[in-house]
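Everything on this sheet refers to the single structure shown next.
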Amino acid sequence: MAKGRIKVDEAMCKGCELCIMVCPYGLIEMADHFNAKGYKPAVLIDPDQRCTGCTLCAMMCPDAVITVYRETKIKPSPAYA
Amino acid sequence: MAKGRIKVDEAMCKGCELCIMVCPYGLIEMADHFNAKGYKPAVLIDPDQRCTGCTLCAMMCPDAVITVYRETKIKPSPAYA
Amino acid sequence: MQTELVFSGFGGQGVLFGGMVLAYAGMDNGKNVTWIPSYGPEMRGGTAHVTVVISDEEIGSPLTRRPQVAVVFNIPSMTKYEDTVTPGGLLIYNSSLINHSPKRADIRYLAVPANDIAGKLGNARMANMVVLGALIAATGLLPLEAVCQALRNHLPAAKQKFVQSNIVALQRGADLVKNLQAA
Amino acid sequence: MQTELVFSGFGGQGVLFGGMVLAYAGMDNGKNVTWIPSYGPEMRGGTAHVTVVISDEEIGSPLTRRPQVAVVFNIPSMTKYEDTVTPGGLLIYNSSLINHSPKRADIRYLAVPANDIAGKLGNARMANMVVLGALIAATGLLPLEAVCQALRNHLPAAKQKFVQSNIVALQRGADLVKNLQAA
Amino acid sequence: MVDVMMEKAPEKVMWAEKMVYERPAALSDIPTHYCPGCTHGLIHKLIGEVIDELGIRQRTISVSPVGCAVFMYDYFDVDGAEAAHGRAPAMATGIKRVQPDNIVFTYQGDGDMASIGMAEIIWAATRGENITVFFVNNAIYGMTGGQMAPTSLPGQVTGSSPNGRDVEMTGMPIRMAELLAGLPGASYVVRRSVHNIQTIKQAKKAIRTAFQVQMAGAGFALVELLSSCPTNWKMTAADSLTWIKENMVPYYPLGDYKVADVVKTLNNRGK
Amino acid sequence: MVDVMMEKAPEKVMWAEKMVYERPAALSDIPTHYCPGCTHGLIHKLIGEVIDELGIRQRTISVSPVGCAVFMYDYFDVDGAEAAHGRAPAMATGIKRVQPDNIVFTYQGDGDMASIGMAEIIWAATRGENITVFFVNNAIYGMTGGQMAPTSLPGQVTGSSPNGRDVEMTGMPIRMAELLAGLPGASYVVRRSVHNIQTIKQAKKAIRTAFQVQMAGAGFALVELLSSCPTNWKMTAADSLTWIKENMVPYYPLGDYKVADVVKTLNNRGK
Amino acid sequence: MAKELLKGNVAIAEAAVRAGLQAYFGYPITPQTELLEHMSARMPELGRTFLQAESEVAAINMVYGAASTGVRVMTSSSGPGISLMQEGLSYIAGSEVPAVIVDIMRGGPGLGNIQPAQSDYNQITKSAGHGDFRPIVLAPGTVQEAIDHTVLAFDLADKYRTLVFVAGDGMIGQIMEPAELPPMRQPAQTRPAWALTGADNRPKNVVSSLYLGAEKLEALNKRLQAKLQQIKENEVRFEAINTADADIVIVAFGTAGRIAKTAVTEARRQGLRVGLFRPVTLFPFPSSQLEKLAARTKAMLVVEMNAGQMVDDVKLAVNGKTPVQFYGRTGGAVALPDEILDQIILLDKRYPAKKATPNGQGVVISVA
Amino acid sequence: MAKELLKGNVAIAEAAVRAGLQAYFGYPITPQTELLEHMSARMPELGRTFLQAESEVAAINMVYGAASTGVRVMTSSSGPGISLMQEGLSYIAGSEVPAVIVDIMRGGPGLGNIQPAQSDYNQITKSAGHGDFRPIVLAPGTVQEAIDHTVLAFDLADKYRTLVFVAGDGMIGQIMEPAELPPMRQPAQTRPAWALTGADNRPKNVVSSLYLGAEKLEALNKRLQAKLQQIKENEVRFEAINTADADIVIVAFGTAGRIAKTAVTEARRQGLRVGLFRPVTLFPFPSSQLEKLAARTKAMLVVEMNAGQMVDDVKLAVNGKTPVQFYGRTGGAVALPDEILDQIILLDKRYPAKKATPNGQGVVISVA
Ligand SMILES: Cc1ncc(C[n+]2csc(CCOP(=O)(O)OP(=O)(O)O)c2C)c(N)n1
Ligand SMILES: Cc1ncc(C[n+]2csc(CCOP(=O)(O)OP(=O)(O)O)c2C)c(N)n1
Ligand code: SF4
Ligand code: SF4
Ligand code: SF4
Ligand code: SF4
Ligand code: SF4
Ligand code: SF4
Ligand SMILES: [Mg+2]
Ligand SMILES: [Mg+2]
């Protein structure tokens with residue numbers, strides 16, 4: 001399985017919890033604190049690195065505040081050889 | 001064949017000639033004179049009493065200016081007996 | 001000098017066009033002119049009027065309550081305009097359709113059997129030109145040739161073929177007046 | 001006597017309702033009152049304000065630039081209203097959400113940990129009543145009982161079941177102030 | 001109203017002259033301003049006949065459009081309102097909602113209904129307003145002197161499509177009966193014509209049904225009627241009827257586009 | 001925009017972290033005013049993604065409605081106009097007719113399009129205006145605080161139907177995709193939803209096609225999108241999505257209502 | 001009846017219901033929506049007609065239809081919606097059917113915003129759409145007045161067979177204050193003779209604004225103008241506070257008027273002789289009353305929540321007899337008492353006290 | 001170019017075409033329909049946009065759209081249609097895009113009739129729908145002026161990014177008289193910086209009238225008012241004939257103005273010192289010019305084809321410095337020279353000649 005992670009733009013998150021709903025591994029939770037707009041933002045809680053970078057959360061996020069990264073194999077380029 | 005006749009309200013006739021178009025016996029013509037509105041009204045020309053009172057002309061007349069009469073058999077009422 | 005004329009008749013009698021030819025002729029002859037029709041949803045079947053003003057000065061009002069000339073093509077128009085003509089003015093009427101005994105002594109009447117004449121020329125629709133020719137002859141408002149030239153200048157290309165017959169109608173109208181005057 | 005108060009916080013913090021209960025209490029106590037919210041398409045998620053005026057006279061302006069009392073429920077409201085309170089006035093803030101060091105020396109500040117208190121009472125949504133209780137106690141604007149009665153009088157039937165818990169929250173807010181004052 | 005007149009002395013059977021057709025009483029006794037041969041008049045006549053036959057003159061309220069039929073309130077001997085251009089369905093809604101016992105009908109041209117009044121007619125139909133609507137489609141703006149209507153045919157020359165209607169620019173003509181029939185609120189939507197005796201008879205029947213739908217409280221009923229405009233089509237009255245038949249009917253097929261079950265029941269009862 | 005970051009030293013294969021999803025560039029970097037969980041935002045995002053993918057940001061002009069999406073022009077990094085309530089299709093017509101090389105899209109709520117703007121949308125579709133329209137159907141007037149919309153469901157409680165929508169009085173909710181699909185001028189009319197990942201993916205595809213139709217000059221394209229209004233439905237964001245699925249989809253079936261031949265060709269080409 | 005704490009929009013709606021409203025047609029728009037919402041609950045409950053129209057265009061034409069049947073009917077809206085109603089208003093005016101329109105004004109032009117404003121003054125007082133007509137316009141300053149005006153509006157509409165506006169603003173719509181509702185009146189059971197109800201045992205009635213031929217339409221207009229004249233003579237309403245001895249008179253209506261009261265009180269407290277003249281009818285405008293005041297005041301200050309609209313009516317009224325100064329806030333901004341007070345002080349310094357002149361006529365000073 | 005005999009409606013249309021019109025959107029209505037018909041032939045011929053909209057509501061919003069892209073665009077209508085455009089006009093005003101509207105006025109209110117009238121004066125000069133804006137309004141009296149005003153309208157619209165009305169009436173629309181058309185100008189090849197053309201190599205542009213928050217909307221309104229002020233200072237146009245020595249000045253615009261010329265000529269012939277003041281811009285109104293005249297004239301006679309609308313602007317201008325009398329015909333009736341002359345004679349008898357007063361200020365007489 002590819003490894004992934006997400007970055008939530010905390011200031012823009014509205015705490016709607018829709019990302020939570022779709023994450024296949026239940027890796028997203030709401031933070032305890034409020035952001036400046038008065039919402040509790042979503043956070044990735046992924047101690048076991050189960051996030052696959054599947055992008056479902058990002059696809060679902062109405063506010064487009066989730067960025068998703070995924071580790072992928074790449075052919076080593078000459079520079080790294 | 002029942003005998004019939006029509007009465008054209010000359011003042012209201014607009015000379016559109018549609019009644020002429022539908023009379024099965026070609027009994028209607030346009031008059032030579034103008035009415036007060038400047039139209040030549042329709043007239044029944046029926047020397048041979050061919051009009052059957054079929055009402056087609058009246059049905060077609062856009063201005064509802066044709067009245068149709070038809071002779072019909074009636075049971076003699078006691079008063080005439 | 002300013003002349004105010006009213007043309008009036010049933011829609012379809014060419015009333016507006018008659019006035020327009022006169023306006024064109026006026027314009028081409030360096031006059032100020034205005035042409036203003038009555039307009040309405042009852043145009044067709046109803047009555048059409050047009051007021052034409054021909055003037056050496058700038059024209060203020062294009063409307064008039066008392067025209068110097070009224071040209072009427074049907075009975076309702078006669079009824080409406082006979083009284084309005086300014087004293088000393090002229091009332092021209094289409095005597096083919098109007099059987100009229102003049103009411104007023106202070107204006108001139110000119111009866112033109114326009115439909116009959118036009119009919120004889122082969123086109124009843126030219127009654128308006130017959131009347132216009134009579135008007136020109138009776139008033140001397142413009143040279144008759146100016147009106148003929150206006151037809152040539154301004155009839156759209158598609159209608160240019162009618163110019164000659166229209167000119168003949170104008171001529172007949174004018175002749176009628178000349179004959180009357182000669183008589 | 002006329003008192004102008006502003007309540008301000010996030011939508012959903014019960015700001016408008018808190019002001020309304022106060023207005024009801026004022027009215028029931030024979031005062032003239034006005035209650036006017038800010039309103040807008042950004043109500044939800046955005047900030048809600050309401051201005052309440054309680055007066056012995058007819059109320060002209062229902063709005064004020066310099067309220068005697070400001071009640072703020074979140075940081076943006078603090079930022080907006082701290083400067084506006086009239087000198088000698090009172091600023092009450094929800095210290096559960098606002099961590100604030102007072103800027104001004106010419107007004108009184110009252111920190112009410114309203115969410116904490118309400119949370120302990122089992123319903124965070126009653127923070128507004130806690131603050132209102134504190135306000136009543138700190139200003140003596142109306143008897144606390146008047147506010148309790150207003151709840152009984154005006155909460156719609158469906159909501160009457162919340163009256164008692166609201167009254168408890170009011171009481172806690174008032175107690176807090178009394179304790180402070182006693183301290 | 002049977003006008004009995006004795007002819008000669010009867011022998012065995014008696015002959016009497018009976019009036020078999022006369023101007024409907026629901027029509028006022030004044031001439032219309034319609035052009036000669038314009039079928040607006042014919043449609044008025046049919047509506048008048050139906051009003052008479054159904055005996056509803058005293059409780060009918062007409063709503064006139066803006067268009068050649070703007071003076072309709074003068075031509076019917078019923079209470080009448082004159083609506084703003086395209087808004088007859090809204091005005092009729094206002095009337096019918098407070099006067100449910102009246103029979104309310106509107107009469108609208110193609111410009112009035114299909115162009116400026118599109119929202120109002122769709123909404124009256126959608127709500128299932130219990131009104132009767134006559135849609136007189138003459139493929140032209142008659143009253144304003146012959147501009148392109150929403151229903152003008154492809155290539156049709158009008159005052160505002162001097163080179164013929166260019167459907168690339170203006171779209172295809174709109175078919176209102178089909179459009180409205182698709183709305184659940186519509187109970188009866190049909191298209192008829194009045195270009196010959198047969199279609200006139202069918203039109204009258206549909207007009208009758210459309211009123212009956214309302215009388216039964218069965219909802220929105222609309223009869224589209226293909227109609228002529230000899231003046232702006234620049235044809236004789238007779239040629240206009242042929243033009244309807246040859247040009248309009250193919251694009252606007254006559255027929256029943258929506259006859260809700262409740263209406264079918266009515267129709268059977270009517271028989 | 002691949003954000004490459006070295007992790008530990010590679011052995012045989014190298015692993016690199018790649019950004020696989022980021023906020024579309026066509027969206028401005030500012031928060032929207034939409035309520036938490038409101039799918040207006042989600043639909044914006046999909047439109048933004050498609051604009052990016054098609055590379056048309058620089059030539060796109062948006063037309064905002066009056067409704068919760070009124071500030072749309074702030075949220076897209078494209079030229080934008082703000083139309084009067086319901087008139088976005090007319091405004092877009094004005095823009096597109098003089099700027100045929102621009103990509104013009106409107107975005108309208110159910111109140112905006114199906115109620116006050118009914119005439120304008122029907123007419124834009126009828127004319128086959130070469131514009132792309134997104135119809136966001138959330139069965140409520142969101143911005144004004146939750147009144148009955150033309151698409152509110154039977155029995156739905158709203159601010160102006162406090163006892164639930166009474167279809168006897170207001171008619172059945174209107175189905176815009178079905179209605180517009182019947183118009184010859186419409187080339188592409190489909191209904192999608194955004195209540196789960198699957199429907200979101202389908203929605204995005206349709207949005208893409210709708211833009212492609214315009215890019216090909218193939219006429220009027222409309223995507224109806226079932227959308228949530230947690231605030232006025234008085235539900236959580238998650239429950240709102242369930243409500244779409246369970247209540248809206250049955251009345252507003254998802255699907256393709258009109259895919260003109262020219263669009264089918266496009267689609268094939270696109271593959 | 002006891003006073004209740006009522007929101008302006010709701011108060012107007014309930015007052016209309018109690019004035020015997022038979023039908024309401026409207027379309028949601030902030031800041032009047034609570035009015036429509038109240039109707040949506042109340043009217044069906046009473047077996048009367050509530051219908052959310054598809055648009056303001058439809059709403060006003062439904063009003064036109066219902067009004068044609070002689071019942072009490074109303075609609076309500078705000079700027080953009082009122083603009084869309086202009087054609088319908090003109091038809092109603094030309095047809096002489098009674099109708100009541102509530103305009104809860106907001107900031108403009110265009111979509112503007114939803115804050116309180118008075119920027120539709122010209123639109124609603126100077127015409128009813130195209131043509132020469134002008135509706136009666138009532139401008140409440142409090143919720144109580146909003147209630148009273150609503151009832152009055154129906155009475156005036158029926159009396160003159162005319163359009164009556166109740167012109168509030170977002171503040172009047174959204175404010176809550178104690179007020180007393182009128183007793184419930186049932187809709188009238190009979191209909192006026194002109195109403196469309198079916199030509200049963202009477203000649204047919206026609207409701208139309210079409211008068212072909214200039215003579216006929218001019219005759220209508222003469223009748224309408226005579227009616228407006230009658231309205232001018234009989235229906236002027238205004239409030240004058242402390243004007244008897246005032247050097248400076250503030251002229252302001254509606255919300256601006258009530259806010260100005262606070263400024264006047266404060267000004268008096270500071271020893272300035274300031275009064276308030278609050279037109280309650282914007283049409284008919286209380287011109288002669290203002291003209292009388294003009295002779296004595298050294299200046300008038302017109303305060304509006306717009307860029308200066310009623311100020312022209314004030315100038316027309318005083319006809320040069322006193323300087324007229326304008327102070328306005330636009331775009332939903334509201335002039336608060338302190339700003340108004342500043343203006344008063346400025347004005348007080350700028351103009352010398354007026355000497356009483358023989359005929360009560362003041363020295364005329366031209367005003368920019 | 002030589003003079004041609006041109007119908008007003010056609011002349012306006014062709015003038016617009018030659019002024020570089022890129023798009024026309026309209027809906028038929030008498031008495032302006034020839035304008036639309038001319039466009040339907042000419043615009044496609046030139047490869048420009050003509051579209052018969054589904055309604056006036058759609059037409060004005062199409063105009064709004066096209067205007068947002070910075071091209072020259074116009075629509076035309078008459079009373080009922082202009083009423084339906086009010087909302088769109090307000091949006092255009094609030095968005096500051098340039099657009100030209102032709103109003104060929106007819107008798108009202110309501111459907112009224114199609115005879116010439118001037119009864120939309122208030123509607124078009126006092127507001128552009130709801131909100132505080134006012135369009136520039138040009139009022140031609142002849143076909144030549146209609147042409148010139150049309151060209152000017154586009155130039156002013158672009159210059160100020162504003163709405164400009166060309167306000168004629170049925171008479172101006174239907175009359176034919178000789179006039180000269182301007183040379184053909186091609187539509188501009190470049191677009192203004194603010195126009196919507198795609199955010200290519202520049203920050204995005206937005207056309208909107210929405211300004212949430214009173215401060216923002218007030219800032220817009222201040223900008224708009226400043227613009228209107230600038231327009232008032234720079235764009236006043238009028239015609240004054242024989243006013244230099246006039247005892248009585250007739251004030252009339254458009255058709256009424258040209259007809260009054262004949263009355264003035266006749267009055268002079270009869271030895272009365274009468275002049276004509278014809279506002280050419282109705283907004284900005286030539287107030288200061290009239291005010292100057294007021295000092296010298298013993299009375300002013302305002303003649304309108306309405307029940308008295310511009311007369312208020314005249315009164316505001318003269319501010320009590322001279323009596324202002326009104327004479328109007330309504331419903332499509334037109335005041336003819338003889339009626340006007342009668343009014344002049346009455347007025348001449350009623351008011352004594354004005355003595356020149358020191359500062360050129362006249363004695364103030366109050367006018368009802
Ligand atoms: C708001 C408005 N716009 C335009 C008009 C002008 N107008 C009068 S009738 C008409 C069109 C009529 O066409 P249609 O509805 O097809 O009726 P017809 O005359 O063909 O029967 C128009 C555009 C108007 N009176 N009001
Ligand atoms: C002419 C006009 N009428 C009414 C309004 C008030 N208004 C603003 S948004 C809206 C409805 C929005 O509902 P919808 O189109 O469904 O959009 P949503 O907010 O649900 O996304 C209304 C009625 C307005 N701005 N203009
Ligand atoms: S990318 Fe996939 S796995 Fe990772 S948090 Fe998001 S939904 Fe969960
Ligand atoms: S879906 Fe987006 S906005 Fe909602 S909680 Fe998750 S990150 Fe925040
Ligand atoms: S009734 Fe029949 S036969 Fe007689 S004239 Fe009419 S159409 Fe001819
Ligand atoms: S159909 Fe009627 S109107 Fe036409 S000619 Fe015959 S009788 Fe006259
Ligand atoms: S213009 Fe056409 S539709 Fe109108 S009355 Fe004449 S023929 Fe009939
Ligand atoms: S009100 Fe509804 S539609 Fe509007 S932003 Fe909030 S949730 Fe979305
Ligand atoms: Mg038609
Ligand atoms: Mg919605």
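Every chain in the structure tokens takes a letter, A first, then B, and so on in the order presented; its residues are numbered from 1, and the ligands are numbered from 1 following the presented order.
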
Worksheet entry | Protein and nucleic acid residues within 7 Å of ligand 5 (only C-alpha atoms and all ligand atoms) as a list in words |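 With only C-alpha atoms and all ligand atoms and a cut-off of 7 Å, ligand 5 is contacted by Gly4, Arg5, Ile6, Cys19, Val22, Cys23, Pro24, Tyr25, Gly26, Leu27, Ile28, Leu44, Arg50, Cys51, Thr52, Gly53, Cys54, Thr55, Leu56, Cys57, Ala58 and Val68 of chain B.
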
Backbone-only DSSP, alpha helix (DSSP H) members of chain D, as a PyMOL selection string = chain D and resi 15-28+75-81+114-121+127-139+144-154+163-182

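Distances here use only C-alpha atoms; by that measure, the residue among D:Leu91, D:Ala105, D:Ala157, D:Ala150 closest to chain G is D:Ala150.
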
Closest pair table for chain G residues within 6 Å of chain H, only C-alpha atoms, as CSV:
```
residue,atom,partner,partner_atom,distance
G:Gly79,CA,H:His130,CA,5.2
G:Pro80,CA,H:Glu87,CA,5.6
G:Ser83,CA,H:Glu87,CA,4.9
G:Leu84,CA,H:Glu87,CA,5.8
G:Gln86,CA,H:Ser83,CA,5.2
G:Glu87,CA,H:Ser83,CA,4.9
G:Ser90,CA,H:Gly110,CA,4.5
G:Tyr91,CA,H:Gly110,CA,3.7
G:Gly94,CA,H:Pro109,CA,5.0
G:Gly108,CA,H:Gly131,CA,4.1
G:Pro109,CA,H:Gly131,CA,4.0
G:Gly110,CA,H:Tyr91,CA,3.7
G:Leu111,CA,H:Leu210,CA,5.1
G:Gly112,CA,H:Leu210,CA,4.5
G:Asn113,CA,H:Leu212,CA,5.3
G:Ser119,CA,H:Gly131,CA,4.8
G:Asp120,CA,H:His130,CA,5.1
G:Gly129,CA,H:Ser83,CA,5.5
G:His130,CA,H:Asp120,CA,5.1
G:Gly131,CA,H:Pro109,CA,4.0
G:Asp132,CA,H:Ser119,CA,5.4
G:Ser209,CA,H:Gly110,CA,5.2
G:Leu210,CA,H:Gly112,CA,4.6
G:Tyr211,CA,H:Gly112,CA,5.4
G:Leu212,CA,H:Asn113,CA,5.3
G:Ala214,CA,H:Gly332,CA,4.8
G:Leu217,CA,H:Gly331,CA,4.5
G:Glu218,CA,H:Gly331,CA,4.3
G:Leu316,CA,H:Leu316,CA,5.9
G:Asn319,CA,H:Gly320,CA,5.0
G:Gly320,CA,H:Asn319,CA,5.0
G:Thr330,CA,H:Glu218,CA,5.0
G:Gly331,CA,H:Glu218,CA,4.3
G:Gly332,CA,H:Ala214,CA,4.8
G:Ala333,CA,H:Ala214,CA,5.0
```

Take the residues that were just selected and, keeping N, CA and C atoms, output them as a compact mmCIF listing (two decimals), in the first residue's frame.
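Dumped everything to part.txt:
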```txt
# COMPACT_ATOMS: atom_id res chain seq x y z
N GLY G 79 -36.24 46.70 -2.36
CA GLY G 79 -35.75 47.33 -3.59
C GLY G 79 -35.84 46.54 -4.88
N PRO G 80 -35.04 45.50 -5.05
CA PRO G 80 -35.05 44.79 -6.34
C PRO G 80 -36.44 44.27 -6.70
N SER G 83 -38.69 47.09 -7.78
CA SER G 83 -38.39 47.48 -9.15
C SER G 83 -39.11 46.57 -10.14
N LEU G 84 -39.11 45.28 -9.84
CA LEU G 84 -39.76 44.34 -10.75
C LEU G 84 -41.27 44.51 -10.77
N GLN G 86 -42.80 47.37 -10.96
CA GLN G 86 -43.18 48.69 -11.48
C GLN G 86 -44.26 48.61 -12.57
N GLU G 87 -44.13 47.66 -13.47
CA GLU G 87 -45.14 47.59 -14.52
C GLU G 87 -46.52 47.26 -13.92
N SER G 90 -48.16 50.10 -12.20
CA SER G 90 -48.73 51.06 -13.13
C SER G 90 -50.09 50.58 -13.64
N TYR G 91 -50.20 49.29 -13.89
CA TYR G 91 -51.49 48.72 -14.31
C TYR G 91 -52.54 48.89 -13.21
N GLY G 94 -53.61 52.43 -13.14
CA GLY G 94 -54.46 52.77 -14.26
C GLY G 94 -55.83 52.13 -14.19
N GLY G 108 -29.02 50.17 -1.91
CA GLY G 108 -28.91 50.00 -3.35
C GLY G 108 -27.80 50.88 -3.85
N PRO G 109 -27.67 51.04 -5.15
CA PRO G 109 -28.47 50.40 -6.20
C PRO G 109 -28.06 48.95 -6.46
N GLY G 110 -28.81 48.32 -7.39
CA GLY G 110 -28.50 46.96 -7.77
C GLY G 110 -28.80 46.00 -6.64
N LEU G 111 -27.96 44.97 -6.54
CA LEU G 111 -28.16 44.02 -5.46
C LEU G 111 -27.82 44.68 -4.13
N GLY G 112 -26.83 45.58 -4.18
CA GLY G 112 -26.52 46.41 -3.01
C GLY G 112 -26.25 45.57 -1.80
N ASN G 113 -27.02 45.79 -0.76
CA ASN G 113 -26.94 44.93 0.41
C ASN G 113 -28.30 44.93 1.09
N SER G 119 -33.52 54.59 0.18
CA SER G 119 -33.11 55.08 -1.14
C SER G 119 -34.13 54.83 -2.23
N ASP G 120 -35.28 54.27 -1.89
CA ASP G 120 -36.32 54.11 -2.91
C ASP G 120 -37.37 55.21 -2.80
N GLY G 129 -44.43 53.14 -11.37
CA GLY G 129 -44.02 52.71 -12.70
C GLY G 129 -44.11 53.86 -13.68
N HIS G 130 -44.41 53.52 -14.92
CA HIS G 130 -44.54 54.54 -15.96
C HIS G 130 -45.91 55.21 -15.85
N GLY G 131 -46.02 56.37 -16.43
CA GLY G 131 -47.30 57.08 -16.38
C GLY G 131 -47.31 58.06 -15.23
N ASP G 132 -48.41 58.75 -15.11
CA ASP G 132 -48.45 59.93 -14.26
C ASP G 132 -48.90 59.68 -12.82
N SER G 209 -56.61 49.00 -17.81
CA SER G 209 -55.91 50.29 -17.83
C SER G 209 -55.71 50.76 -19.26
N LEU G 210 -56.41 50.12 -20.18
CA LEU G 210 -56.26 50.44 -21.60
C LEU G 210 -57.32 51.45 -22.01
N TYR G 211 -56.90 52.56 -22.53
CA TYR G 211 -57.83 53.59 -22.99
C TYR G 211 -57.34 54.09 -24.33
N LEU G 212 -57.81 53.44 -25.37
CA LEU G 212 -57.33 53.84 -26.68
C LEU G 212 -57.91 55.20 -27.04
N ALA G 214 -56.48 59.37 -27.23
CA ALA G 214 -55.93 60.29 -26.24
C ALA G 214 -57.02 60.90 -25.37
N LEU G 217 -57.94 58.44 -22.57
CA LEU G 217 -56.87 58.26 -21.57
C LEU G 217 -56.66 59.57 -20.82
N GLU G 218 -56.86 60.67 -21.50
CA GLU G 218 -56.73 61.94 -20.78
C GLU G 218 -57.85 62.07 -19.74
N LEU G 316 -39.09 72.12 -2.35
CA LEU G 316 -40.28 72.55 -3.08
C LEU G 316 -41.30 73.15 -2.13
N ASN G 319 -39.90 76.49 -0.78
CA ASN G 319 -39.85 77.40 -1.92
C ASN G 319 -38.92 78.59 -1.69
N GLY G 320 -37.78 78.30 -1.13
CA GLY G 320 -36.79 79.36 -0.95
C GLY G 320 -36.95 80.16 0.33
N THR G 330 -25.63 56.63 3.10
CA THR G 330 -26.12 55.75 2.03
C THR G 330 -25.65 54.32 2.22
N GLY G 331 -26.15 53.46 1.37
CA GLY G 331 -25.63 52.10 1.30
C GLY G 331 -25.92 51.26 2.52
N GLY G 332 -26.94 51.64 3.29
CA GLY G 332 -27.26 50.85 4.47
C GLY G 332 -26.67 51.44 5.74
N ALA G 333 -25.88 52.49 5.60
CA ALA G 333 -25.37 53.17 6.79
C ALA G 333 -26.51 54.00 7.38
```

*as a ChimeraX atom specification, please: all residues of chain A that backbone DSSP puts in strand (DSSP E or B).*
/A:4-8,28-30,42-44,66-74

The selected residues should be written to file as a short mmCIF file (atom, residue, chain, number, x, y, z; two decimals), in the first residue's frame (atoms: C-alpha atoms).
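The result, written out as selection_7.cif:
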```
data_model
loop_
_atom_site.label_atom_id
_atom_site.label_comp_id
_atom_site.auth_asym_id
_atom_site.auth_seq_id
_atom_site.Cartn_x
_atom_site.Cartn_y
_atom_site.Cartn_z
CA GLY A 4 0.04 9.03 2.22
CA ARG A 5 -0.75 12.00 4.33
CA ILE A 6 -3.05 14.96 4.22
CA LYS A 7 -2.64 18.58 5.16
CA VAL A 8 -5.71 20.44 6.35
CA ILE A 28 -9.56 12.09 10.63
CA GLU A 29 -10.86 13.67 13.79
CA MET A 30 -11.93 17.08 14.89
CA ALA A 42 -10.17 18.47 11.11
CA VAL A 43 -6.86 16.78 11.87
CA LEU A 44 -5.24 13.62 10.57
CA ILE A 66 -7.31 19.29 2.18
CA THR A 67 -4.10 18.67 0.29
CA VAL A 68 -3.12 15.05 -0.18
CA TYR A 69 0.36 13.66 -0.58
CA ARG A 70 1.29 10.16 -1.52
CA GLU A 71 4.60 8.36 -1.62
CA THR A 72 5.27 6.89 -5.01
CA LYS A 73 8.13 4.95 -6.49
CA ILE A 74 10.06 6.99 -8.94
#
```

If you count only C-alpha atoms, which residues fall within 7 Å of G:Ala13, apart from same-chain ones fewer than 3 positions away, as a list in words? Asn9, Val10, Ala16, Val17, Leu35, His38 and Met39 of chain G

Between D:Val6, D:Val53, D:Leu141, D:Ala114, which one has atoms that come closest to D:Met78, using only C-alpha atoms?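 Counting only C-alpha atoms, the residue closest to D:Met78 is D:Val6.
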